[in-house]
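Take a look at the structure below.
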Amino acid sequence: MPLIPEARPEETTPSRRECRHCGSPSGGEEFCCAGCAYVHRLIHREGLDTFYDIKDRTTAPADAALKVERDYGWLQTLQRQAEETAREQNGTPRLLLSVQGLSCAGCVWLIEKLFSREPGAGRIEINAQTGQVRLSWRLNAKEAFDAAGFAAGLQRFNYLLGPPGPVAGRSSESRDLVRRIGLCTAFAMNVMLFTLPSYFGMEATFAYANLFHTLALGFGTLSLLAGGGYFLIRAVRAIREGALHIDLPISLGIVGAYVGSFFGWVTGQEAYMYFDFVSGFILLMLIGRWAQVAAVERNQRRLLAEQPTPPQVRAWREDGTEQEIPPERLTVGTTFAVERGQTVPVGARMVSAEANMNLAWINGESAPRVFRTDQAVPAGAQNVGLEAVKLLATETWEQSLLAKLLQPMERRSEGESVIERVIQGYLIGILVVAALAGIGWWWGAGDWLQAGAVVTAVLVVSCPCALGLAFPLADEMATVVLRKRGMFVRAGDLWGRLVHIRKLVFDKTGTLTLEHPVLVNPDVISALSADAQQALFMLVRDNPHPIGRALLEALVKLDIPEPGEGEVMEVVGQGLKWGAWSLGRAKWMDGGEADGSTVLAWSGRVVARFRFEDQARPDARREIAALRERGLDSFILSGDETAKVAAMAGQLGLPPDNAYGNQSPEAKAAWLLEHRADDALMLGDGANDSLAFDAARCRGTPVVHRGVLAAKADFYYLGQGLGGLRALFEVNDVRRRTHRVLLAFMITYNVTAVGFAVAGLMNPLFAAVLMPLSSLATLAIVGIGMRHAWQALR
């Protein structure tokens, strides 16, 4: 990890309220996090400044760029397989991978530039729509291409490569909708082309009148098949599941208009023919649905399509020979090794003399523990030492807690109760009015053709444009607004779930706090000599220990020359050594009393003393207080010590009864179930929160680089603060107010339009004019209403 010089002083900088790298709120600082500072300097050092000319104004914070390099053994395996296939076929090796972190054209440009600098690089194709990258390389290059090395380089810029996932090669829903929109646009234009002559006075006796009507029928039918089928299939599925879905009224409008129009074509009654309405309505509904789906898919694509499988572990056979096997093949009594930064896959006993293990991922303990020979090590413990650790498996993968916590869980999609009631009322009301109007006209006028025309007109003009077009657009705009605050909606039914939330349940370590302790005296690093800064950087740059990560974040903000070469040695449970330099516990360094500080020393002489604390995120107290004013209670469920959890609650102004420590994963889920999980929003970051995620009605995570909870979360948020949570509820308030105005307009419009239809005053031309006007009105309402959501960001 080379060191990065400061950015050029002549560069124009944005407002100090925004991070210079990602554009997120930075609280008056130059950068919102150390990761953004690091990536910003890295981009300048590599001469890739054009990235800032191309990128969107706001992108995701790069706080994960400083994490320990991932295990890319799976990628090396894929590369070997691709090269073997290429040699057999005398072709070019290729790989299809997913990429996490894509957010704009600037990201695409940056990844392409980085790939072009790799030895042996061939072509790279990046699909920002699917979040996938396809790359090829030359087999006979002077220097061999290293896919794992390329992935590690990308990680430094905050992009993660992963397997292509099970959906590779398959179309996303938004792309399918785009194709349908393209076809239906062409069909709608053709229907209008052959319908306009009727509106301009074409007589029924005109030689080509029947041909025009037949062509309108044909293109209207194609619209029904290409676009209407999307809604009809989903409506039928909803009926089978006993659910009220927005596609039901849309399908009713489509079917009613088409059946009436087809009858008019068969009988030669122009008063029945609404083929232009059918095609136009289908097109508008498809556009609305695409806007809604595309916004959610874009946030989903920012994450890897599929996380790499747990890395293979080195295991020893009974004869002492080594082999690499997946964790699923570990059996009781197997001796295996866990490399630096990797996670213990199954419960085991220590074979090595001693090792530093971090348990925060499974029980929330913020401080690593030292395990010694024959001690039990739980599944999920992370090796934060520099050397591999040897263990003896005491359980199989199927028996391990980690396997249980990582198990995916399906849940039923949830709609919004208000919209469901509106759909129910709409369906009943329109069907009753249409039936009564038809019966009334047939009984009163004795003209069944006129009665049928009135029924068709009622079904046509009562189109649910507000439900099918404006509501999805409001959801899409809300999603975009939240993205500017580092809040990314992953589940389309999030909005329906938020309405029921009355309490927030936080994990402590990594959720209310950052993932590692906070250095409370960072000025000490600035005061060090250049040699001492280089030595400190050398000691911590490849160390996964939380203290090392905290010091590294402080170091990357400085303009430090690249450190020299040398081997860093670890004294387990005490500290690190590099030549005459050492970093570790105060008692180990100076033999004095253990005061909780970490000491940097040269030849045994103390050079600097660093102090760390588990602190809440900078804005946590303020944001929790603001959420309390909204009527949302906050609770802490943590596996960390009860005293530490109580202290955190005190910092945040929470009552002692709202903080629970020493909570196992099962205990967290049980607490939620005992205290009404159906009104709870669970916020966590580690595998120990997985069961609580499954129990809660709504769930979110601030950590996506681990890939554990992100796939289960309804939303994820990035950055150093909790402000995005309040923004989530505030934007939802604006969105719901906009929905209420839309509903009022929808009711007013339908009463008026249906009144005209019942009175027999509606005709195809009038309906063709009303539909786009009503659609434009609903879009204007959304634009004006959601403007307040943008203002809420300021």
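Lettering and numbering for the structure tokens are positional, with chains as A, B, ... in the shown order, residues counted from 1 in each chain, and ligands counted from 1 in the shown order.
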Taking the chain letters and numbering used in this document, name the residues of region 21-259 of chain A that DSSP puts in alpha helix (DSSP H), as a VMD selection string.
-> chain A and resid 34 to 45 51 to 54 73 to 89 105 to 116 147 to 156 173 to 199 209 to 223 229 to 240 247 to 259
Skip region 393-407 of chain A itself and residues of its chain fewer than 3 positions away, then list as a short mmCIF file (atom, residue, chain, number, x, y, z; two decimals) with all heavy atoms, in the first residue's frame all residues within 9 Å of it, counting only C-alpha atoms.
data_model
loop_
_atom_site.label_atom_id
_atom_site.label_comp_id
_atom_site.auth_asym_id
_atom_site.auth_seq_id
_atom_site.Cartn_x
_atom_site.Cartn_y
_atom_site.Cartn_z
N PRO A 327 -14.66 -24.99 3.63
CA PRO A 327 -15.08 -25.19 5.03
C PRO A 327 -16.13 -26.27 5.19
O PRO A 327 -16.20 -26.93 6.24
CB PRO A 327 -15.62 -23.81 5.43
CG PRO A 327 -14.97 -22.85 4.49
CD PRO A 327 -14.78 -23.59 3.20
N GLU A 328 -16.97 -26.46 4.16
CA GLU A 328 -18.04 -27.46 4.26
C GLU A 328 -17.51 -28.88 4.43
O GLU A 328 -18.23 -29.76 4.91
CB GLU A 328 -18.93 -27.41 3.01
CG GLU A 328 -19.73 -26.11 2.87
CD GLU A 328 -18.93 -25.00 2.22
OE1 GLU A 328 -17.71 -25.21 1.97
OE2 GLU A 328 -19.50 -23.93 1.96
N ARG A 329 -16.24 -29.10 4.06
CA ARG A 329 -15.67 -30.45 4.16
C ARG A 329 -14.89 -30.68 5.45
O ARG A 329 -14.34 -31.75 5.66
CB ARG A 329 -14.76 -30.71 2.96
CG ARG A 329 -15.52 -30.89 1.64
CD ARG A 329 -14.56 -31.12 0.50
NE ARG A 329 -13.62 -32.20 0.77
CZ ARG A 329 -12.51 -32.45 0.05
NH1 ARG A 329 -12.21 -31.65 -0.97
NH2 ARG A 329 -11.71 -33.43 0.37
N LEU A 330 -14.84 -29.68 6.31
CA LEU A 330 -14.15 -29.86 7.59
C LEU A 330 -14.93 -30.85 8.47
O LEU A 330 -16.16 -30.75 8.59
CB LEU A 330 -14.01 -28.53 8.31
CG LEU A 330 -12.96 -27.55 7.77
CD1 LEU A 330 -13.07 -26.20 8.47
CD2 LEU A 330 -11.55 -28.12 7.95
N THR A 331 -14.24 -31.75 9.06
CA THR A 331 -14.86 -32.73 9.96
C THR A 331 -14.23 -32.61 11.35
O THR A 331 -13.15 -32.04 11.52
CB THR A 331 -14.67 -34.17 9.44
OG1 THR A 331 -13.26 -34.44 9.29
CG2 THR A 331 -15.35 -34.34 8.09
N VAL A 332 -14.91 -33.15 12.32
CA VAL A 332 -14.39 -33.12 13.69
C VAL A 332 -13.04 -33.83 13.74
O VAL A 332 -12.90 -34.95 13.24
CB VAL A 332 -15.39 -33.78 14.66
CG1 VAL A 332 -14.80 -33.82 16.08
CG2 VAL A 332 -16.71 -33.04 14.65
N GLY A 333 -12.05 -33.16 14.33
CA GLY A 333 -10.72 -33.75 14.43
C GLY A 333 -9.77 -33.34 13.33
O GLY A 333 -8.58 -33.67 13.38
N THR A 334 -10.24 -32.57 12.34
CA THR A 334 -9.37 -32.10 11.25
C THR A 334 -8.54 -30.91 11.73
O THR A 334 -9.08 -29.96 12.33
CB THR A 334 -10.19 -31.69 10.02
OG1 THR A 334 -10.95 -32.79 9.57
CG2 THR A 334 -9.28 -31.20 8.90
N THR A 335 -7.25 -30.95 11.45
CA THR A 335 -6.38 -29.81 11.76
C THR A 335 -6.35 -28.89 10.54
O THR A 335 -6.13 -29.35 9.42
CB THR A 335 -4.95 -30.27 12.09
OG1 THR A 335 -5.00 -31.16 13.22
CG2 THR A 335 -4.07 -29.09 12.44
N PHE A 336 -6.57 -27.60 10.76
CA PHE A 336 -6.61 -26.66 9.63
C PHE A 336 -5.99 -25.34 10.05
O PHE A 336 -5.73 -25.11 11.24
CB PHE A 336 -8.04 -26.46 9.13
CG PHE A 336 -8.96 -25.82 10.13
CD1 PHE A 336 -9.24 -24.45 10.06
CD2 PHE A 336 -9.56 -26.55 11.15
CE1 PHE A 336 -10.08 -23.84 10.96
CE2 PHE A 336 -10.41 -25.94 12.06
CZ PHE A 336 -10.67 -24.59 11.98
N VAL A 344 -12.57 -17.89 11.31
CA VAL A 344 -12.61 -19.30 11.70
C VAL A 344 -13.98 -19.84 11.29
O VAL A 344 -15.01 -19.36 11.79
CB VAL A 344 -12.39 -19.46 13.21
CG1 VAL A 344 -12.48 -20.93 13.60
CG2 VAL A 344 -11.03 -18.88 13.61
N PRO A 345 -14.04 -20.83 10.39
CA PRO A 345 -15.35 -21.27 9.86
C PRO A 345 -16.15 -22.15 10.81
O PRO A 345 -17.38 -22.16 10.75
CB PRO A 345 -14.97 -22.02 8.59
CG PRO A 345 -13.59 -22.52 8.83
CD PRO A 345 -12.92 -21.50 9.70
N VAL A 346 -15.47 -22.92 11.67
CA VAL A 346 -16.17 -23.83 12.58
C VAL A 346 -15.56 -23.72 13.97
O VAL A 346 -14.42 -23.25 14.13
CB VAL A 346 -16.07 -25.30 12.10
CG1 VAL A 346 -16.73 -25.48 10.74
CG2 VAL A 346 -14.61 -25.76 12.06
N GLY A 347 -16.31 -24.12 14.98
CA GLY A 347 -15.77 -24.15 16.33
C GLY A 347 -14.53 -25.04 16.37
O GLY A 347 -14.49 -26.11 15.75
N ALA A 348 -13.50 -24.59 17.09
CA ALA A 348 -12.22 -25.33 17.06
C ALA A 348 -11.44 -25.08 18.36
O ALA A 348 -11.83 -24.25 19.19
CB ALA A 348 -11.39 -24.89 15.86
N ARG A 349 -10.33 -25.82 18.50
CA ARG A 349 -9.41 -25.62 19.61
C ARG A 349 -8.06 -25.19 19.05
O ARG A 349 -7.65 -25.63 17.98
CB ARG A 349 -9.27 -26.89 20.45
CG ARG A 349 -10.52 -27.22 21.25
CD ARG A 349 -10.25 -28.25 22.33
NE ARG A 349 -11.45 -28.46 23.14
CZ ARG A 349 -11.79 -27.70 24.16
NH1 ARG A 349 -11.01 -26.67 24.50
NH2 ARG A 349 -12.89 -27.93 24.85
N ILE A 362 -19.15 -11.74 15.75
CA ILE A 362 -20.13 -12.73 16.21
C ILE A 362 -20.72 -12.42 17.58
O ILE A 362 -21.80 -12.90 17.90
CB ILE A 362 -19.51 -14.14 16.23
CG1 ILE A 362 -18.22 -14.16 17.05
CG2 ILE A 362 -19.29 -14.66 14.83
CD1 ILE A 362 -17.71 -15.54 17.33
N ALA A 376 -10.80 -23.09 23.45
CA ALA A 376 -11.85 -23.18 22.43
C ALA A 376 -12.00 -21.84 21.73
O ALA A 376 -12.06 -20.78 22.36
CB ALA A 376 -13.17 -23.57 23.08
N PRO A 378 -14.45 -19.85 19.01
CA PRO A 378 -15.78 -19.98 18.39
C PRO A 378 -15.73 -19.73 16.89
O PRO A 378 -14.86 -19.01 16.39
CB PRO A 378 -16.60 -18.90 19.10
CG PRO A 378 -15.60 -17.87 19.50
CD PRO A 378 -14.34 -18.63 19.83
N ALA A 379 -16.67 -20.33 16.18
CA ALA A 379 -16.81 -20.05 14.75
C ALA A 379 -17.15 -18.59 14.57
O ALA A 379 -17.95 -18.02 15.31
CB ALA A 379 -17.91 -20.93 14.15
N GLY A 380 -16.52 -17.95 13.58
CA GLY A 380 -16.75 -16.54 13.32
C GLY A 380 -15.67 -15.64 13.87
O GLY A 380 -15.64 -14.45 13.57
N PRO A 665 -26.55 -14.07 19.54
CA PRO A 665 -27.41 -13.88 18.36
C PRO A 665 -28.83 -14.37 18.59
O PRO A 665 -29.80 -13.72 18.18
CB PRO A 665 -26.70 -14.71 17.29
CG PRO A 665 -25.26 -14.70 17.70
CD PRO A 665 -25.28 -14.73 19.18
N ALA A 687 -22.37 -10.72 11.64
CA ALA A 687 -23.12 -11.97 11.54
C ALA A 687 -23.96 -12.21 12.77
O ALA A 687 -25.00 -12.88 12.70
CB ALA A 687 -22.15 -13.13 11.32
N ASN A 688 -23.54 -11.67 13.92
CA ASN A 688 -24.32 -11.88 15.15
C ASN A 688 -25.66 -11.16 15.13
O ASN A 688 -26.51 -11.39 15.99
CB ASN A 688 -23.51 -11.45 16.38
CG ASN A 688 -23.17 -9.97 16.35
OD1 ASN A 688 -22.92 -9.39 15.30
ND2 ASN A 688 -23.17 -9.35 17.51
N ASP A 689 -25.87 -10.28 14.15
CA ASP A 689 -27.16 -9.58 14.02
C ASP A 689 -28.07 -10.27 13.00
O ASP A 689 -29.19 -9.80 12.78
CB ASP A 689 -26.92 -8.13 13.58
CG ASP A 689 -26.08 -7.36 14.57
OD1 ASP A 689 -26.38 -7.42 15.77
OD2 ASP A 689 -25.10 -6.71 14.15
N SER A 690 -27.62 -11.35 12.41
CA SER A 690 -28.37 -11.97 11.32
C SER A 690 -29.72 -12.50 11.77
O SER A 690 -30.74 -12.31 11.09
CB SER A 690 -27.54 -13.11 10.70
OG SER A 690 -28.21 -13.69 9.62
N LEU A 691 -29.78 -13.17 12.91
CA LEU A 691 -31.05 -13.73 13.38
C LEU A 691 -32.02 -12.61 13.78
O LEU A 691 -33.23 -12.73 13.57
CB LEU A 691 -30.80 -14.66 14.56
CG LEU A 691 -29.91 -15.88 14.28
CD1 LEU A 691 -29.78 -16.75 15.52
CD2 LEU A 691 -30.45 -16.70 13.11
N VAL A 708 -22.31 -9.71 4.46
CA VAL A 708 -23.09 -10.64 5.27
C VAL A 708 -24.54 -10.18 5.36
O VAL A 708 -25.47 -10.89 4.98
CB VAL A 708 -22.49 -10.78 6.68
CG1 VAL A 708 -23.31 -11.74 7.51
CG2 VAL A 708 -21.05 -11.27 6.58
N LEU A 709 -24.76 -8.97 5.87
CA LEU A 709 -26.10 -8.48 6.10
C LEU A 709 -26.64 -7.65 4.94
O LEU A 709 -27.85 -7.41 4.87
CB LEU A 709 -26.14 -7.64 7.38
CG LEU A 709 -25.80 -8.38 8.68
CD1 LEU A 709 -25.94 -7.44 9.86
CD2 LEU A 709 -26.69 -9.60 8.86
#
In terms of the shortest atom-to-atom distance over only C-alpha atoms, which of A:Val645, A:Ala209, A:Leu217, A:Ala367 is closest to Ile547 (chain A)?
-> A:Ala367
In Å, rounded to a single decimal, give me how far CA of Arg175 (chain A) is from CA of Pro93 (chain A).
->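 Taking CA of Pro93 (chain A) and CA of Arg175 (chain A), their separation equals 27.8 Å.
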Determine the nearest neighbour of Gly23 (chain A) from the options A:Ala434, A:Gly486, A:Thr205, A:Ala148, counting only C-alpha atoms.
->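 Smallest separation from Gly23 (chain A) among the options: A:Gly486.
If you look at CA of Gly548 (chain A) and CA of Asp71 (chain A), they are 19.0 Å away from each other.
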Give the strand (DSSP E) residues of region 457-533 of chain A, as assigned by DSSP on the backbone, as a ChimeraX atom specification.
-> /A:487-489,503-506,518-519
Take the residues from that selection and put them in a file with N, CA, C and O atoms, as a tab-separated table (two decimals), in the first residue's frame.
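That gives us out-v3.tsv:
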chain	number	residue	atom	x	y	z
A	487	MET	N	-27.71	7.04	1.72
A	487	MET	CA	-28.72	6.05	2.13
A	487	MET	C	-29.24	5.38	0.86
A	487	MET	O	-29.76	6.04	-0.04
A	488	PHE	N	-29.11	4.06	0.78
A	488	PHE	CA	-29.43	3.33	-0.45
A	488	PHE	C	-30.54	2.32	-0.19
A	488	PHE	O	-30.38	1.40	0.61
A	489	VAL	N	-31.67	2.52	-0.87
A	489	VAL	CA	-32.82	1.64	-0.72
A	489	VAL	C	-32.61	0.39	-1.57
A	489	VAL	O	-32.37	0.48	-2.77
A	503	LYS	N	-39.92	1.66	16.81
A	503	LYS	CA	-38.68	1.61	17.61
A	503	LYS	C	-37.50	1.21	16.72
A	503	LYS	O	-37.65	0.48	15.73
A	504	LEU	N	-36.34	1.72	17.10
A	504	LEU	CA	-35.08	1.42	16.43
A	504	LEU	C	-34.23	0.58	17.37
A	504	LEU	O	-34.05	0.94	18.53
A	505	VAL	N	-33.71	-0.52	16.86
A	505	VAL	CA	-32.88	-1.41	17.67
A	505	VAL	C	-31.49	-1.43	17.06
A	505	VAL	O	-31.31	-1.88	15.92
A	506	PHE	N	-30.51	-0.92	17.79
A	506	PHE	CA	-29.15	-0.79	17.30
A	506	PHE	C	-28.25	-1.87	17.88
A	506	PHE	O	-28.32	-2.17	19.08
A	518	VAL	N	-11.60	4.79	18.27
A	518	VAL	CA	-11.26	6.13	17.79
A	518	VAL	C	-9.99	6.61	18.50
A	518	VAL	O	-9.87	6.50	19.73
A	519	LEU	N	-9.04	7.11	17.72
A	519	LEU	CA	-7.82	7.69	18.29
A	519	LEU	C	-8.17	9.06	18.86
A	519	LEU	O	-8.57	9.97	18.12
